[in-house]
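Asker: What follows is a single structure, and I will ask about it in a moment.
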Amino acid sequence: MRWLLVLALAVLAACDVTTTTTPAPRPQSTTSQLSEQEARSRAGIAARQFVSVVETVEPVAEQECRRRAPGANCDFQIVVDDRMGQPPNAFQTVDRSGRPILAFNLALIASVENADELAFVMGHEAAHHVLGHLGRTQQNAAVGAVILSGLAALGGADAAAVQSAEQIGASLGARTYSKDFELEADRLGTIITARSGFNPVRGAQFFNKIPDPGNRFLGSHPPNASRMDIVRRTAAGL
C-alpha cells in the first residue's frame, strides 16, 4: 500500500505538469475539456478542504485525548491512501511504535458534501483511539478464541477443528461490543467535531451515504438511526 502525506495531496492537486518532448494532444471537444477542468477544480477544492479540516480538528482531538487518556500516545498522524478505484473508507490504527494513525482514502475525501462531514468522520476515528477501542477489540477477540477453541478441545475435536474454532471465536469476540464501540465513538466524535467549530449534526449526515446495517445479529455497526440519535442528543447537551 502506498501512502501519501496530507500536504503532498494538496501540492499534487495544484500541480500542472507539461512536457516538451512530444506535442500536446489536441482537445477532442470543448465539453471534454471543460469536464477535465471541472474535475481538476473539484480535486483542488477537496484537497484544500481536507488540509483545512486536518489543521483544525487534529489539535482538538489531541487535546481531548490527553485529557481523557493521559497515558495514551496522543500524537495523531493523519495519512491518505492514494490508491485509485477504492470504495470510500476511513479507519484508525496504530503503527509499530504505538503512534495513532487516522487514515482516509481519496474516495472518501471526494465523497463528503462539506467540511462538517469530513470533520465528523475525523472526530469519530480519533475517538476510537481515545477510547481504546482497538485494544479492547483485540482483547475481546483473544478471549473469544480461547473460549471457543477450549470448548472444541473438550469436545474431542481434532487439531484442525480446534484451530477453526479459535478463528471463529476470535471473530465472534471482536464483534461482541463493536456496536457499542461505534456509538461511543459517535458520541465523543460529536464532542470533538463541535469543539473544532464544526456542526456535528450536519456532519453526521454522512451516514446517509452508507448502507444502513439495521440491527443485524453480530453486525459490526449499529443502525444509522441509532447513530443519528446519539449525535443529536450529545450535540444538544453541549
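Order determines the names: the first chain of the C-alpha cells is A, the second B, and so forth; residues in each chain are numbered 1 upward, and ligands are numbered 1 upward as they are shown.
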When you look at Pro87 in chain A with a cut-off of 9 Å (counting only C-alpha atoms), what residues show up, excluding the ones that are within fewer than 6 positions of it in the same chain? I need them as a PyMOL selection string.
Answerer: chain A and resi 105-108
Asker: Counting only C-alpha atoms, which residue out of A:Asn114, A:Ser52, A:Glu38, A:Phe120 sits closest to Arg195 in chain A?
Answerer: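 Once distances to Arg195 in chain A are computed over only C-alpha atoms, the minimum belongs to A:Phe120.
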Asker: Would you pick out the contacts of Leu118 in chain A at 8 Å or less, using only C-alpha atoms, so that residues sharing its chain but fewer than 4 positions from it are not included, and give the list as a PDB file with N, CA and C atoms, in the first residue's frame?
Answerer:
ATOM      1  N   PHE A  50      -9.680  19.234   2.867  1.00  0.00           N
ATOM      2  CA  PHE A  50      -9.136  18.186   3.724  1.00  0.00           C
ATOM      3  C   PHE A  50      -8.019  18.740   4.609  1.00  0.00           C
ATOM      4  N   VAL A  53      -9.453  20.982   7.338  1.00  0.00           N
ATOM      5  CA  VAL A  53     -10.114  20.235   8.400  1.00  0.00           C
ATOM      6  C   VAL A  53      -9.077  19.554   9.293  1.00  0.00           C
ATOM      7  N   ILE A 109     -12.510  11.295   0.749  1.00  0.00           N
ATOM      8  CA  ILE A 109     -12.266  12.738   0.727  1.00  0.00           C
ATOM      9  C   ILE A 109     -13.112  13.412  -0.347  1.00  0.00           C
ATOM     10  N   VAL A 112     -17.428  13.445   0.538  1.00  0.00           N
ATOM     11  CA  VAL A 112     -18.119  14.258   1.545  1.00  0.00           C
ATOM     12  C   VAL A 112     -18.759  15.482   0.886  1.00  0.00           C
ATOM     13  N   ASN A 114     -19.458  18.347   2.576  1.00  0.00           N
ATOM     14  CA  ASN A 114     -18.999  19.591   3.180  1.00  0.00           C
ATOM     15  C   ASN A 114     -17.938  19.293   4.236  1.00  0.00           C
ATOM     16  N   MET A 122     -13.499  12.433  10.911  1.00  0.00           N
ATOM     17  CA  MET A 122     -12.184  12.534  11.539  1.00  0.00           C
ATOM     18  C   MET A 122     -12.308  12.462  13.060  1.00  0.00           C
ATOM     19  N   GLY A 203     -22.678  17.138  10.083  1.00  0.00           N
ATOM     20  CA  GLY A 203     -21.617  16.224   9.678  1.00  0.00           C
ATOM     21  C   GLY A 203     -22.039  14.775   9.697  1.00  0.00           C
TER      22      GLY A 203
END
Asker: Would you compute the distance between CA of Arg187 in chain A and CA of Arg227 in chain A? Give it in Å to one decimal.
Answerer: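 Going from CA of Arg187 in chain A over to CA of Arg227 in chain A, I get 8.7 Å.
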Asker: Residues of range 173-199 of chain A that approach range 54-60 of chain A to 8 Å or less, counting only C-alpha atoms: could you list each one with the shortest pair of atoms and its distance in Å to one decimal, rows by chain and increasing residue number, as CSV?
Answerer:
residue,atom,partner,partner_atom,distance
A:Ile192,CA,A:Val60,CA,6.5
A:Thr193,CA,A:Val57,CA,7.1
A:Arg195,CA,A:Val60,CA,7.0
A:Ser196,CA,A:Val57,CA,5.5
Asker: Name the residues of range 75-132 of chain A that come out as alpha helix (DSSP H) in a backbone DSSP run; write them as a PyMOL selection string.
Answerer: chain A and resi 106-111+115-130
Asker: Which residues are near Gly98 in chain A? Cut-off 10 Å, only C-alpha atoms, ignore same chain within fewer than 2 positions. Put them as a list in words.
Answerer: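 That gives Ala72, Asn73, Cys74, Asp75, Thr93, Val94, Asp95, Arg96, Pro100 and Ile101 of chain A.
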Asker: Generate a file of the selected residues that holds C-alpha atoms, formatted as a PDB file, in the first residue's frame.
Answerer:
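This went into selection_15.pdb:
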ATOM      1  CA  ALA A  72      -2.039   7.155  25.729  1.00  0.00           C
ATOM      2  CA  ASN A  73       0.011   8.309  22.759  1.00  0.00           C
ATOM      3  CA  CYS A  74      -1.963  11.318  21.525  1.00  0.00           C
ATOM      4  CA  ASP A  75       0.313  12.351  18.673  1.00  0.00           C
ATOM      5  CA  THR A  93      -4.948   2.071  13.679  1.00  0.00           C
ATOM      6  CA  VAL A  94      -1.515   2.383  15.309  1.00  0.00           C
ATOM      7  CA  ASP A  95       1.977   1.961  13.900  1.00  0.00           C
ATOM      8  CA  ARG A  96       4.672  -0.302  15.372  1.00  0.00           C
ATOM      9  CA  PRO A 100      -2.162   6.534  16.431  1.00  0.00           C
ATOM     10  CA  ILE A 101      -2.913   6.787  12.710  1.00  0.00           C
TER      11      ILE A 101
END
Asker: Just the number, please: distance in Å from CA of Pro88 in chain A to CA of Ala47 in chain A, one decimal.
Answerer: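 Pair CA of Pro88 in chain A / CA of Ala47 in chain A returns 15.2 Å.
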Asker: Excluding Ala194 in chain A and residues on its chain fewer than 5 positions from it, collect all residues at most 8 Å away from it, counting only C-alpha atoms, and give them as a list in words.
Answerer: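 These residues fall inside the cut-off: Asn199, Pro200 and Ala235 of chain A.
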Asker: Which is closer to Ala119 in chain A than all the others in A:Phe198, A:Phe91, A:Phe104, A:Phe76, using only C-alpha atoms?
Answerer: A:Phe198
